[in-house]
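**Q** Here it is, the structure, as structure tokens.
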Amino acid sequence: MPEKEVWIDHFVAHLEALQKQENRGALAELRRGLGSSPGTVPLMYPQILPWVPSGKWAEDTAYIVGSLFALHPDPGGAGNMGTAFAMVKDPSDSLEKRFVALLNCHRDDLPNHLRQAVSLLKSKDVPINWRRLLKDILSWDHEDRFVQQQWAREFWQSKVQAAS
């Protein structure tokens, strides 16, 4: 298993353990990061820094995912965010517009767009694959935009299959 995969696995396992242990205090500390710039909420440090390699983008991504996990820690997510969005039963165009806005957003705007997306998924009881989301955020700025293309493929293929 590559080094990146190992820390991601350990970090998400730590978050899942907080949920299993019903550690409301730690989850509340992580939720304080919602709406804040990554790394600016010292209460989050004990839940993030021991699990993440040093490096700005890895740490920032862990702060983002840690706060989002604490918002919606339900287990059982599969696939990527496109898969999760496809599971939302919403006949209006607003779901698709929100999804496209997420796909188009700049890395700096990603925390805000993801917070809105996770809030929506939580309201619809759709679980998230946190390991996959963490990996995907780490590759968000890749020049090929393969993450955005994978999410889009899962979202629209699921919609086509559901209509068939």
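Ordering of the structure tokens sets the chain letters (A, B, ...); residue numbers start at 1 within each chain; ligands are numbered from 1 in the order shown.
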Would you pick out the contacts of stretch 35-38 of chain A at 8 Å or less, using only C-alpha atoms, so that residues sharing its chain but fewer than 4 positions from it are not included, and give the list as a list in words?
**A**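 After dropping sequence-adjacent residues, the list is Glu59, Asp60, Thr61, Tyr63, Ile64, Pro111, Asn112 and Arg115 of chain A.
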**Q** Atoms to include: N, CA and C atoms. Write the selected residues as a PDB file, in the first residue's frame.
**A**
```pdb
ATOM      1  N   GLU A  59      -2.365  18.513   5.188  1.00  0.00           N
ATOM      2  CA  GLU A  59      -2.959  18.995   6.440  1.00  0.00           C
ATOM      3  C   GLU A  59      -4.278  19.723   6.172  1.00  0.00           C
ATOM      4  N   ASP A  60      -4.282  20.611   5.187  1.00  0.00           N
ATOM      5  CA  ASP A  60      -5.518  21.341   4.870  1.00  0.00           C
ATOM      6  C   ASP A  60      -6.639  20.377   4.507  1.00  0.00           C
ATOM      7  N   THR A  61      -6.308  19.374   3.727  1.00  0.00           N
ATOM      8  CA  THR A  61      -7.314  18.394   3.316  1.00  0.00           C
ATOM      9  C   THR A  61      -7.837  17.624   4.522  1.00  0.00           C
ATOM     10  N   TYR A  63      -7.996  18.731   7.606  1.00  0.00           N
ATOM     11  CA  TYR A  63      -8.878  19.634   8.359  1.00  0.00           C
ATOM     12  C   TYR A  63     -10.260  19.701   7.707  1.00  0.00           C
ATOM     13  N   ILE A  64     -10.283  19.792   6.398  1.00  0.00           N
ATOM     14  CA  ILE A  64     -11.553  19.859   5.667  1.00  0.00           C
ATOM     15  C   ILE A  64     -12.356  18.579   5.905  1.00  0.00           C
ATOM     16  N   PRO A 111     -13.765  23.892   0.297  1.00  0.00           N
ATOM     17  CA  PRO A 111     -14.359  23.639   1.616  1.00  0.00           C
ATOM     18  C   PRO A 111     -15.809  24.114   1.729  1.00  0.00           C
ATOM     19  N   ASN A 112     -16.100  25.278   1.201  1.00  0.00           N
ATOM     20  CA  ASN A 112     -17.462  25.800   1.263  1.00  0.00           C
ATOM     21  C   ASN A 112     -18.431  24.959   0.430  1.00  0.00           C
ATOM     22  N   ARG A 115     -18.950  21.648   2.164  1.00  0.00           N
ATOM     23  CA  ARG A 115     -19.804  21.780   3.352  1.00  0.00           C
ATOM     24  C   ARG A 115     -21.283  21.779   2.933  1.00  0.00           C
TER      25      ARG A 115
END
```
**Q** Which residues come within 12 Å of A:Pro53, counting only C-alpha atoms, excluding same-chain residues fewer than 5 positions away, as a ChimeraX atom specification?
**A** /A:3-8,10-11,48,58-62
**Q** Go ahead and save the residues from that selection, with N, CA and C atoms, as a PDB file, in the first residue's frame.
**A**
```
ATOM      1  N   GLU A   3       2.384   5.007   0.574  1.00  0.00           N
ATOM      2  CA  GLU A   3       2.421   5.786   1.813  1.00  0.00           C
ATOM      3  C   GLU A   3       1.173   6.671   1.962  1.00  0.00           C
ATOM      4  N   LYS A   4       0.733   7.281   0.860  1.00  0.00           N
ATOM      5  CA  LYS A   4      -0.445   8.147   0.918  1.00  0.00           C
ATOM      6  C   LYS A   4      -1.662   7.350   1.381  1.00  0.00           C
ATOM      7  N   GLU A   5      -1.802   6.152   0.866  1.00  0.00           N
ATOM      8  CA  GLU A   5      -2.943   5.303   1.225  1.00  0.00           C
ATOM      9  C   GLU A   5      -2.908   4.937   2.711  1.00  0.00           C
ATOM     10  N   VAL A   6      -1.716   4.729   3.246  1.00  0.00           N
ATOM     11  CA  VAL A   6      -1.583   4.321   4.648  1.00  0.00           C
ATOM     12  C   VAL A   6      -2.066   5.428   5.575  1.00  0.00           C
ATOM     13  N   TRP A   7      -1.604   6.659   5.386  1.00  0.00           N
ATOM     14  CA  TRP A   7      -2.023   7.713   6.301  1.00  0.00           C
ATOM     15  C   TRP A   7      -3.505   8.023   6.131  1.00  0.00           C
ATOM     16  N   ILE A   8      -3.998   7.950   4.907  1.00  0.00           N
ATOM     17  CA  ILE A   8      -5.429   8.184   4.678  1.00  0.00           C
ATOM     18  C   ILE A   8      -6.238   7.147   5.433  1.00  0.00           C
ATOM     19  N   HIS A  10      -5.344   5.344   8.067  1.00  0.00           N
ATOM     20  CA  HIS A  10      -5.233   5.541   9.515  1.00  0.00           C
ATOM     21  C   HIS A  10      -6.039   6.748   9.977  1.00  0.00           C
ATOM     22  N   PHE A  11      -6.003   7.820   9.213  1.00  0.00           N
ATOM     23  CA  PHE A  11      -6.735   9.027   9.586  1.00  0.00           C
ATOM     24  C   PHE A  11      -8.243   8.776   9.589  1.00  0.00           C
ATOM     25  N   ILE A  48      -6.226  15.922  14.336  1.00  0.00           N
ATOM     26  CA  ILE A  48      -5.739  15.964  12.957  1.00  0.00           C
ATOM     27  C   ILE A  48      -4.232  15.697  12.867  1.00  0.00           C
ATOM     28  N   ALA A  58      -1.830  18.309   2.430  1.00  0.00           N
ATOM     29  CA  ALA A  58      -2.300  17.138   3.179  1.00  0.00           C
ATOM     30  C   ALA A  58      -2.986  17.581   4.469  1.00  0.00           C
ATOM     31  N   GLU A  59      -2.365  18.513   5.188  1.00  0.00           N
ATOM     32  CA  GLU A  59      -2.959  18.995   6.440  1.00  0.00           C
ATOM     33  C   GLU A  59      -4.278  19.723   6.172  1.00  0.00           C
ATOM     34  N   ASP A  60      -4.282  20.611   5.187  1.00  0.00           N
ATOM     35  CA  ASP A  60      -5.518  21.341   4.870  1.00  0.00           C
ATOM     36  C   ASP A  60      -6.639  20.377   4.507  1.00  0.00           C
ATOM     37  N   THR A  61      -6.308  19.374   3.727  1.00  0.00           N
ATOM     38  CA  THR A  61      -7.314  18.394   3.316  1.00  0.00           C
ATOM     39  C   THR A  61      -7.837  17.624   4.522  1.00  0.00           C
ATOM     40  N   ALA A  62      -6.970  17.280   5.427  1.00  0.00           N
ATOM     41  CA  ALA A  62      -7.401  16.569   6.638  1.00  0.00           C
ATOM     42  C   ALA A  62      -8.302  17.444   7.504  1.00  0.00           C
TER      43      ALA A  62
END
```
**Q** Fewer than 2 positions away in the same chain doesn't count, so skip those; otherwise give me all residues within 12 Å of stretch 129-131 of chain A, counting only C-alpha atoms, as a PyMOL selection string.
**A** chain A and resi 4-16+61-62+64-70+72-85+118+121+126-127+133-138
**Q** Which residues come within 12 Å of A:Glu96, counting only C-alpha atoms, excluding same-chain residues fewer than 6 positions away, as number ranges by chain?
**A** A: 82, 85-86, 88-90, 102-103, 117, 152, 155-156, 159
**Q** Of the candidates A:Leu71, A:Leu120, A:Ala26, A:Ala101, which one gets nearest to A:Tyr45 if we count only C-alpha atoms?
**A**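 Among the listed residues, the smallest separation from A:Tyr45 belongs to A:Ala26.
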**Q** Give the helix (DSSP H, G or I) residues of stretch 11-159 of chain A, as DSSP finds them on the backbone, and put them as a count of residues only.
**A** 101
**Q** Please indicate the distance in Å from atom CA of A:Lys97 to atom CA of A:Val147, rounded to one decimal place.
**A** 17.9 Å
**Q** To one decimal in Å, tell me the separation between atom CA of A:Arg107 and atom CA of A:Glu143.
**A**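 For atom CA of A:Arg107 relative to atom CA of A:Glu143, the distance reads 12.5 Å.
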**Q** Just how far from atom CA of A:Arg153 is atom CA of A:Val100, in Å to one decimal?
**A**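 For atom CA of A:Val100 relative to atom CA of A:Arg153, the distance reads 12.0 Å.
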**Q** Pick out the closest residue to A:Leu30 from this set: A:Ser158, A:Gln47, A:Ser92, A:Ser119. Count only C-alpha atoms.
**A** A:Gln47
**Q** Quick one: of A:Pro91, A:Glu29, A:Cys105, A:Phe99, who's nearest to A:Pro46, counting only C-alpha atoms?
**A**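 The closest residue to A:Pro46 is A:Glu29.
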